[in-house]
file run_7.cif (mmCIF, N, CA and C atoms and all ligand atoms)
data_coords
#
loop_
_atom_site.label_atom_id
_atom_site.label_comp_id
_atom_site.auth_asym_id
_atom_site.auth_seq_id
_atom_site.Cartn_x
_atom_site.Cartn_y
_atom_site.Cartn_z
N MET A 1 2.85 -14.71 6.33
CA MET A 1 1.96 -13.65 5.82
C MET A 1 0.66 -14.28 5.31
N LYS A 2 -0.44 -13.69 5.74
CA LYS A 2 -1.75 -14.15 5.24
C LYS A 2 -2.24 -13.18 4.17
N THR A 3 -2.95 -13.72 3.20
CA THR A 3 -3.47 -12.89 2.10
C THR A 3 -4.98 -12.81 2.22
N ILE A 4 -5.50 -11.60 2.20
CA ILE A 4 -6.94 -11.40 2.25
C ILE A 4 -7.39 -10.84 0.90
N HIS A 5 -8.34 -11.52 0.30
CA HIS A 5 -8.81 -11.11 -1.03
C HIS A 5 -10.01 -10.20 -0.89
N CYS A 6 -9.93 -9.06 -1.53
CA CYS A 6 -11.00 -8.07 -1.48
C CYS A 6 -11.51 -7.81 -2.89
N VAL A 7 -12.80 -7.57 -2.98
CA VAL A 7 -13.40 -7.14 -4.25
C VAL A 7 -14.33 -5.98 -3.95
N THR A 8 -14.13 -4.87 -4.64
CA THR A 8 -14.97 -3.71 -4.40
C THR A 8 -16.31 -3.86 -5.13
N GLN A 9 -17.23 -2.97 -4.80
CA GLN A 9 -18.53 -2.95 -5.48
C GLN A 9 -18.38 -2.74 -6.97
N GLU A 10 -17.32 -2.00 -7.35
CA GLU A 10 -17.08 -1.72 -8.77
C GLU A 10 -16.41 -2.91 -9.45
N GLY A 11 -16.05 -3.93 -8.65
CA GLY A 11 -15.48 -5.14 -9.22
C GLY A 11 -13.96 -5.16 -9.27
N GLU A 12 -13.32 -4.17 -8.64
CA GLU A 12 -11.85 -4.21 -8.59
C GLU A 12 -11.40 -5.20 -7.50
N ALA A 13 -10.51 -6.09 -7.87
CA ALA A 13 -10.01 -7.08 -6.92
C ALA A 13 -8.58 -6.76 -6.53
N PHE A 14 -8.28 -6.90 -5.25
CA PHE A 14 -6.90 -6.70 -4.78
C PHE A 14 -6.71 -7.51 -3.51
N THR A 15 -5.50 -7.56 -3.05
CA THR A 15 -5.21 -8.32 -1.84
C THR A 15 -4.61 -7.43 -0.77
N ILE A 16 -4.90 -7.80 0.47
CA ILE A 16 -4.37 -7.14 1.65
C ILE A 16 -3.57 -8.19 2.42
N LEU A 17 -2.45 -7.79 2.98
CA LEU A 17 -1.59 -8.75 3.67
C LEU A 17 -1.62 -8.54 5.17
N LYS A 18 -1.60 -9.66 5.88
CA LYS A 18 -1.61 -9.64 7.34
C LYS A 18 -0.43 -10.46 7.83
N THR A 19 0.32 -9.91 8.76
CA THR A 19 1.50 -10.61 9.27
C THR A 19 1.09 -11.74 10.21
N GLU A 20 2.05 -12.60 10.52
CA GLU A 20 1.77 -13.72 11.43
C GLU A 20 1.32 -13.22 12.81
N ASP A 21 1.80 -12.06 13.22
CA ASP A 21 1.36 -11.56 14.53
C ASP A 21 0.13 -10.65 14.43
N GLY A 22 -0.60 -10.76 13.32
CA GLY A 22 -1.93 -10.17 13.27
C GLY A 22 -2.00 -8.71 12.89
N MET A 23 -0.92 -8.15 12.36
CA MET A 23 -0.96 -6.76 11.93
C MET A 23 -1.13 -6.71 10.41
N TYR A 24 -1.93 -5.74 9.97
CA TYR A 24 -2.14 -5.57 8.54
C TYR A 24 -1.09 -4.63 7.96
N CYS A 25 -0.65 -4.95 6.76
CA CYS A 25 0.36 -4.12 6.09
C CYS A 25 -0.32 -3.06 5.25
N CYS A 26 0.27 -1.88 5.25
CA CYS A 26 -0.17 -0.84 4.32
C CYS A 26 0.11 -1.32 2.90
N PRO A 27 -0.88 -1.30 2.01
CA PRO A 27 -0.65 -1.77 0.64
C PRO A 27 0.18 -0.79 -0.19
N VAL A 28 0.43 0.39 0.37
CA VAL A 28 1.24 1.37 -0.35
C VAL A 28 2.72 1.21 0.01
N CYS A 29 3.02 1.27 1.32
CA CYS A 29 4.43 1.27 1.76
C CYS A 29 4.83 -0.03 2.45
N GLY A 30 3.86 -0.89 2.76
CA GLY A 30 4.18 -2.19 3.37
C GLY A 30 4.34 -2.16 4.88
N SER A 31 4.21 -0.99 5.49
CA SER A 31 4.39 -0.91 6.94
C SER A 31 3.31 -1.72 7.67
N PRO A 32 3.73 -2.67 8.53
CA PRO A 32 2.74 -3.51 9.23
C PRO A 32 2.24 -2.82 10.50
N GLU A 33 1.43 -1.78 10.32
CA GLU A 33 1.10 -0.96 11.49
C GLU A 33 -0.39 -0.90 11.81
N PHE A 34 -1.20 -1.76 11.19
CA PHE A 34 -2.64 -1.63 11.41
C PHE A 34 -3.25 -2.84 12.10
N LYS A 35 -4.02 -2.58 13.15
CA LYS A 35 -4.77 -3.64 13.82
C LYS A 35 -6.04 -3.96 13.06
N GLU A 36 -6.59 -2.93 12.41
CA GLU A 36 -7.78 -3.12 11.58
C GLU A 36 -7.34 -3.17 10.12
N ALA A 37 -8.04 -3.97 9.34
CA ALA A 37 -7.69 -4.07 7.92
C ALA A 37 -7.90 -2.72 7.23
N PRO A 38 -6.95 -2.28 6.41
CA PRO A 38 -7.15 -1.02 5.67
C PRO A 38 -8.35 -1.08 4.74
N TYR A 39 -8.63 -2.29 4.21
CA TYR A 39 -9.82 -2.49 3.39
C TYR A 39 -10.47 -3.79 3.83
N ASN A 40 -11.79 -3.81 3.86
CA ASN A 40 -12.52 -5.05 4.14
C ASN A 40 -12.66 -5.87 2.86
N GLU A 41 -13.16 -7.09 3.03
CA GLU A 41 -13.28 -7.98 1.86
C GLU A 41 -14.24 -7.42 0.82
N ASP A 42 -15.17 -6.56 1.23
CA ASP A 42 -16.07 -5.94 0.25
C ASP A 42 -15.49 -4.64 -0.31
N GLY A 43 -14.20 -4.41 -0.03
CA GLY A 43 -13.51 -3.27 -0.62
C GLY A 43 -13.71 -1.95 0.10
N THR A 44 -14.54 -1.93 1.14
CA THR A 44 -14.73 -0.68 1.87
C THR A 44 -13.47 -0.39 2.70
N ALA A 45 -13.17 0.88 2.83
CA ALA A 45 -11.91 1.30 3.43
C ALA A 45 -12.08 1.66 4.91
N SER A 46 -10.96 1.60 5.64
CA SER A 46 -10.99 1.89 7.08
C SER A 46 -10.90 3.38 7.38
N PHE A 47 -10.47 4.17 6.39
CA PHE A 47 -10.24 5.61 6.57
C PHE A 47 -9.16 5.92 7.60
N GLU A 48 -8.29 4.93 7.85
CA GLU A 48 -7.11 5.21 8.67
C GLU A 48 -6.04 5.84 7.78
N ILE A 49 -5.13 6.55 8.42
CA ILE A 49 -4.03 7.18 7.68
C ILE A 49 -2.73 6.49 8.08
N CYS A 50 -2.03 6.01 7.09
CA CYS A 50 -0.76 5.34 7.34
C CYS A 50 0.33 6.36 7.64
N SER A 51 1.43 5.89 8.24
CA SER A 51 2.57 6.78 8.47
C SER A 51 3.16 7.29 7.16
N CYS A 52 2.85 6.62 6.05
CA CYS A 52 3.33 7.12 4.75
C CYS A 52 2.43 8.23 4.23
N GLY A 53 1.34 8.53 4.94
CA GLY A 53 0.48 9.64 4.58
C GLY A 53 -0.76 9.27 3.80
N PHE A 54 -0.85 8.01 3.38
CA PHE A 54 -1.98 7.59 2.56
C PHE A 54 -3.21 7.32 3.43
N GLU A 55 -4.34 7.90 3.05
CA GLU A 55 -5.58 7.64 3.77
C GLU A 55 -6.44 6.69 2.94
N PHE A 56 -6.72 5.51 3.50
CA PHE A 56 -7.52 4.51 2.79
C PHE A 56 -8.95 5.01 2.68
N GLY A 57 -9.46 5.03 1.45
CA GLY A 57 -10.82 5.51 1.24
C GLY A 57 -10.87 6.96 0.83
N TYR A 58 -9.75 7.67 0.97
CA TYR A 58 -9.69 9.08 0.55
C TYR A 58 -8.72 9.26 -0.61
N ASP A 59 -7.45 8.90 -0.36
CA ASP A 59 -6.44 9.10 -1.40
C ASP A 59 -6.57 8.11 -2.55
N ASP A 60 -7.49 7.16 -2.42
CA ASP A 60 -7.73 6.21 -3.51
C ASP A 60 -9.05 6.50 -4.22
N SER A 61 -9.67 7.64 -3.90
CA SER A 61 -10.99 7.91 -4.45
C SER A 61 -11.04 9.24 -5.19
N PRO A 62 -11.23 9.20 -6.51
CA PRO A 62 -11.34 10.46 -7.27
C PRO A 62 -12.51 11.32 -6.79
N LEU A 63 -13.49 10.72 -6.13
CA LEU A 63 -14.62 11.49 -5.62
C LEU A 63 -14.21 12.31 -4.40
N ALA A 64 -13.16 11.86 -3.71
CA ALA A 64 -12.73 12.52 -2.49
C ALA A 64 -11.51 13.40 -2.72
N SER A 65 -10.49 12.84 -3.31
CA SER A 65 -9.24 13.56 -3.50
C SER A 65 -9.07 13.98 -4.96
N GLY A 66 -8.75 15.24 -5.18
CA GLY A 66 -8.53 15.75 -6.52
C GLY A 66 -7.34 15.10 -7.23
N GLU A 67 -6.39 14.58 -6.44
CA GLU A 67 -5.20 13.97 -7.04
C GLU A 67 -5.40 12.51 -7.39
N ALA A 68 -6.46 11.91 -6.86
CA ALA A 68 -6.65 10.47 -7.04
C ALA A 68 -6.99 10.13 -8.49
N VAL A 69 -6.57 8.94 -8.89
CA VAL A 69 -6.89 8.44 -10.23
C VAL A 69 -7.90 7.30 -10.09
N GLU A 70 -8.40 6.78 -11.20
CA GLU A 70 -9.33 5.66 -11.16
C GLU A 70 -8.59 4.40 -10.69
N GLY A 71 -9.25 3.61 -9.85
CA GLY A 71 -8.66 2.34 -9.45
C GLY A 71 -7.87 2.46 -8.16
N ILE A 72 -8.24 1.67 -7.18
CA ILE A 72 -7.58 1.75 -5.88
C ILE A 72 -6.10 1.43 -6.00
N GLU A 73 -5.81 0.33 -6.70
CA GLU A 73 -4.42 -0.10 -6.79
C GLU A 73 -3.56 0.93 -7.54
N ASN A 74 -4.14 1.58 -8.53
CA ASN A 74 -3.40 2.62 -9.25
C ASN A 74 -3.00 3.76 -8.31
N ASN A 75 -3.85 4.03 -7.34
CA ASN A 75 -3.52 5.08 -6.38
C ASN A 75 -2.44 4.64 -5.40
N TRP A 76 -2.44 3.37 -5.05
CA TRP A 76 -1.34 2.85 -4.21
C TRP A 76 -0.02 3.06 -4.94
N ASP A 77 -0.02 2.69 -6.24
CA ASP A 77 1.21 2.81 -7.04
C ASP A 77 1.63 4.28 -7.15
N ARG A 78 0.63 5.14 -7.36
CA ARG A 78 0.88 6.58 -7.49
C ARG A 78 1.53 7.11 -6.21
N TRP A 79 0.95 6.74 -5.07
CA TRP A 79 1.44 7.25 -3.80
C TRP A 79 2.80 6.65 -3.45
N ARG A 80 3.00 5.40 -3.81
CA ARG A 80 4.26 4.71 -3.48
C ARG A 80 5.46 5.46 -4.08
N LEU A 81 5.27 5.97 -5.29
CA LEU A 81 6.36 6.71 -5.93
C LEU A 81 6.72 7.95 -5.13
N LYS A 82 5.70 8.61 -4.56
CA LYS A 82 5.95 9.78 -3.72
C LYS A 82 6.71 9.39 -2.46
N VAL A 83 6.29 8.25 -1.87
CA VAL A 83 6.91 7.79 -0.62
C VAL A 83 8.38 7.45 -0.86
N ILE A 84 8.65 6.82 -1.99
CA ILE A 84 10.03 6.45 -2.33
C ILE A 84 10.87 7.71 -2.49
N GLU A 85 10.33 8.67 -3.22
CA GLU A 85 11.04 9.93 -3.44
C GLU A 85 11.33 10.62 -2.08
N LYS A 86 10.32 10.63 -1.21
CA LYS A 86 10.46 11.29 0.08
C LYS A 86 11.51 10.62 0.97
N ASN A 87 11.62 9.30 0.85
CA ASN A 87 12.54 8.56 1.72
C ASN A 87 13.89 8.30 1.07
N SER A 88 14.09 8.87 -0.12
CA SER A 88 15.31 8.53 -0.86
C SER A 88 16.49 9.40 -0.44
N HIS A 89 16.27 10.36 0.46
CA HIS A 89 17.34 11.31 0.77
C HIS A 89 18.27 10.84 1.88
N THR A 90 17.80 9.99 2.76
CA THR A 90 18.73 9.43 3.76
C THR A 90 18.71 7.91 3.66
N LYS A 91 19.89 7.35 3.93
CA LYS A 91 20.09 5.91 3.79
C LYS A 91 19.17 5.14 4.74
N SER A 92 19.05 5.62 5.97
CA SER A 92 18.27 4.86 6.96
C SER A 92 16.77 4.88 6.61
N ASP A 93 16.27 6.02 6.14
CA ASP A 93 14.87 6.09 5.71
C ASP A 93 14.61 5.13 4.56
N LEU A 94 15.55 5.11 3.64
CA LEU A 94 15.38 4.28 2.45
C LEU A 94 15.44 2.79 2.82
N GLU A 95 16.36 2.45 3.73
CA GLU A 95 16.47 1.04 4.16
C GLU A 95 15.20 0.60 4.88
N ASN A 96 14.68 1.47 5.71
CA ASN A 96 13.44 1.19 6.43
C ASN A 96 12.29 0.96 5.46
N LEU A 97 12.18 1.82 4.47
CA LEU A 97 11.13 1.69 3.46
C LEU A 97 11.31 0.40 2.66
N GLU A 98 12.54 0.12 2.28
CA GLU A 98 12.80 -1.09 1.50
C GLU A 98 12.39 -2.34 2.27
N ASN A 99 12.66 -2.32 3.58
CA ASN A 99 12.25 -3.44 4.43
C ASN A 99 10.75 -3.63 4.43
N ASN A 100 10.01 -2.52 4.55
CA ASN A 100 8.55 -2.59 4.54
C ASN A 100 8.02 -3.04 3.19
N LEU A 101 8.63 -2.53 2.13
CA LEU A 101 8.15 -2.89 0.79
C LEU A 101 8.33 -4.38 0.51
N LYS A 102 9.35 -4.98 1.15
CA LYS A 102 9.55 -6.42 0.99
C LYS A 102 8.31 -7.20 1.43
N ASN A 103 7.58 -6.67 2.42
CA ASN A 103 6.34 -7.32 2.85
C ASN A 103 5.35 -7.44 1.69
N LEU A 104 5.42 -6.49 0.77
CA LEU A 104 4.49 -6.47 -0.36
C LEU A 104 5.07 -7.18 -1.57
N GLY A 105 6.28 -7.71 -1.42
CA GLY A 105 6.94 -8.36 -2.56
C GLY A 105 7.49 -7.36 -3.55
N ILE A 106 7.80 -6.16 -3.04
CA ILE A 106 8.31 -5.11 -3.93
C ILE A 106 9.77 -4.81 -3.58
N GLU A 107 10.59 -4.77 -4.59
CA GLU A 107 12.00 -4.38 -4.41
C GLU A 107 12.25 -3.13 -5.22
N LEU A 108 13.19 -2.33 -4.74
CA LEU A 108 13.55 -1.13 -5.49
C LEU A 108 14.75 -1.45 -6.37
N ALA A 109 14.60 -1.18 -7.65
CA ALA A 109 15.72 -1.37 -8.56
C ALA A 109 16.76 -0.28 -8.28
N PHE A 110 17.92 -0.37 -8.89
CA PHE A 110 19.04 0.54 -8.59
C PHE A 110 18.65 1.99 -8.75
N ASP A 111 17.71 2.27 -9.68
CA ASP A 111 17.29 3.65 -9.91
C ASP A 111 16.01 3.97 -9.14
N LEU A 112 15.74 3.18 -8.10
CA LEU A 112 14.61 3.39 -7.19
C LEU A 112 13.25 3.21 -7.86
N ILE A 113 13.22 2.42 -8.92
CA ILE A 113 11.95 2.06 -9.54
C ILE A 113 11.40 0.85 -8.79
N PRO A 114 10.16 0.95 -8.27
CA PRO A 114 9.60 -0.20 -7.55
C PRO A 114 9.27 -1.36 -8.49
N VAL A 115 9.75 -2.53 -8.17
CA VAL A 115 9.55 -3.72 -8.99
C VAL A 115 8.82 -4.77 -8.18
N LYS A 116 7.71 -5.24 -8.69
CA LYS A 116 6.96 -6.30 -7.99
C LYS A 116 7.56 -7.65 -8.36
N ARG A 117 7.97 -8.41 -7.35
CA ARG A 117 8.61 -9.68 -7.60
C ARG A 117 7.61 -10.70 -8.12
N ASN A 118 6.41 -10.75 -7.50
CA ASN A 118 5.37 -11.69 -7.96
C ASN A 118 4.02 -11.04 -7.79
N GLU A 119 3.25 -11.04 -8.84
CA GLU A 119 2.00 -10.30 -8.86
C GLU A 119 0.95 -10.81 -7.87
N ASN A 120 0.75 -12.11 -7.83
CA ASN A 120 -0.43 -12.61 -7.13
C ASN A 120 -0.14 -13.43 -5.88
N THR A 121 0.55 -12.84 -4.94
CA THR A 121 0.79 -13.58 -3.70
C THR A 121 0.16 -12.84 -2.54
ZN ZN A 201 1.78 3.22 4.21
#
call {"tool": "encode", "arguments": {"input": "run_7.cif", "output": "structure tokens", "more": "lines below"}}
Ligand SMILES: [Zn+2]
result
Amino acid sequence: MKTIHCVTQEGEAFTILKTEDGMYCCPVCGSPEFKEAPYNEDGTASFEICSCGFEFGYDDSPLASGEAVEGIENNWDRWRLKVIEKNSHTKSDLENLENNLKNLGIELAFDLIPVKRNENT
């Protein structure tokens, strides 16, 4: 996994992950489904929509989405809880999501609370 460091114009720093075979992971659900980076190094978004429903540049922007909160990463966390809830009803959906979240270093605790194993990788 490669780590790409991004900093927005507002000064928020976060990382985007790219798999060895060149696919970018969704920072919300971990799905490695993007050929283009969801965010560039200057923090600008691709405006692609992930299979988890999150639109980069829209669902992370209070100027665009009424539900969005301040801070891109806060919106990833906000949306991730929805994705977990949505996938918690069948075992196979949940296993699939858990596998993707592992890409982000996130594990689900027994009560489905997302836990980050290591903050800065
Ligand atoms: Zn996603």
call {"tool": "residues_around", "arguments": {"input": "run_7.cif", "residues": "A:Val28", "least_positions_apart": "2", "cutoff": "5 Å", "atoms": "only N, CA and C atoms", "output": "list in words"}}
result
Cys26, Gly30 and Trp76 of chain A
call {"tool": "closest_residue", "arguments": {"input": "run_7.cif", "among": "A:Glu12, A:Ser51, A:Asn74, A:Ser65", "to": "ligand ZN 201 (chain A)", "atoms": "all atoms listed in the file"}}
result
A:Ser51
call {"tool": "atom_distance", "arguments": {"input": "run_7.cif", "atom1": "atom CA of A:Thr8", "atom2": "atom CA of A:Glu41"}}
result
7.8 Å
call {"tool": "residues_around", "arguments": {"input": "run_7.cif", "residues": "A:Lys102", "least_positions_apart": "5", "cutoff": "10 Å", "atoms": "only C-alpha atoms", "output": "PyMOL selection string"}}
result
chain A and resi 29-31+97+107-108+116-117
call {"tool": "atom_distance", "arguments": {"input": "run_7.cif", "atom1": "atom CA of A:Asn100", "atom2": "atom CA of A:Asp59"}}
result
19.9 Å
call {"tool": "select_by_dssp", "arguments": {"input": "run_7.cif", "residues": "chain A", "states": "strand (DSSP E or B)", "output": "PyMOL selection string"}}
result
chain A and resi 2-7+13-18+24+34+39+45+49+55+106-108+114-116
call {"tool": "closest_residue", "arguments": {"input": "run_7.cif", "among": "A:Pro27, A:Ala109, A:Thr3, A:Pro62", "to": "A:Asp77", "atoms": "only N, CA and C atoms"}}
result
A:Pro27
call {"tool": "closest_residue", "arguments": {"input": "run_7.cif", "among": "A:Ala37, A:Cys25, A:Leu94, A:Ile113", "to": "ligand ZN 201 (chain A)", "atoms": "all atoms listed in the file"}}
result
A:Cys25
call {"tool": "atom_distance", "arguments": {"input": "run_7.cif", "atom1": "atom C of A:Lys82", "atom2": "atom N of A:Tyr24"}}
result
21.4 Å
call {"tool": "residues_around", "arguments": {"input": "run_7.cif", "residues": "A:Thr19", "least_positions_apart": "3", "cutoff": "6 Å", "atoms": "only C-alpha atoms", "output": "ChimeraX atom specification"}}
result
/A:1,22-23
call {"tool": "write_last_selection", "arguments": {"input": "run_7.cif", "atoms": "N, CA and C atoms", "output": "compact mmCIF listing (two decimals), keeping the file's coordinate frame"}}
result
# COMPACT_ATOMS: atom_id res chain seq x y z
N MET A 1 2.85 -14.71 6.33
CA MET A 1 1.96 -13.65 5.82
C MET A 1 0.66 -14.28 5.31
N GLY A 22 -0.60 -10.76 13.32
CA GLY A 22 -1.93 -10.17 13.27
C GLY A 22 -2.00 -8.71 12.89
N MET A 23 -0.92 -8.15 12.36
CA MET A 23 -0.96 -6.76 11.93
C MET A 23 -1.13 -6.71 10.41
call {"tool": "select_by_dssp", "arguments": {"input": "run_7.cif", "residues": "chain A", "states": "alpha helix (DSSP H)", "output": "list in words"}}
result
Ile72, Glu73, Asn74, Asn75, Trp76, Asp77, Arg78, Trp79, Arg80, Leu81, Lys82, Val83, Ile84, Glu85, Lys86, Asn87, Lys91, Ser92, Asp93, Leu94, Glu95, Asn96, Leu97, Glu98, Asn99, Asn100, Leu101, Lys102 and Asn103 of chain A
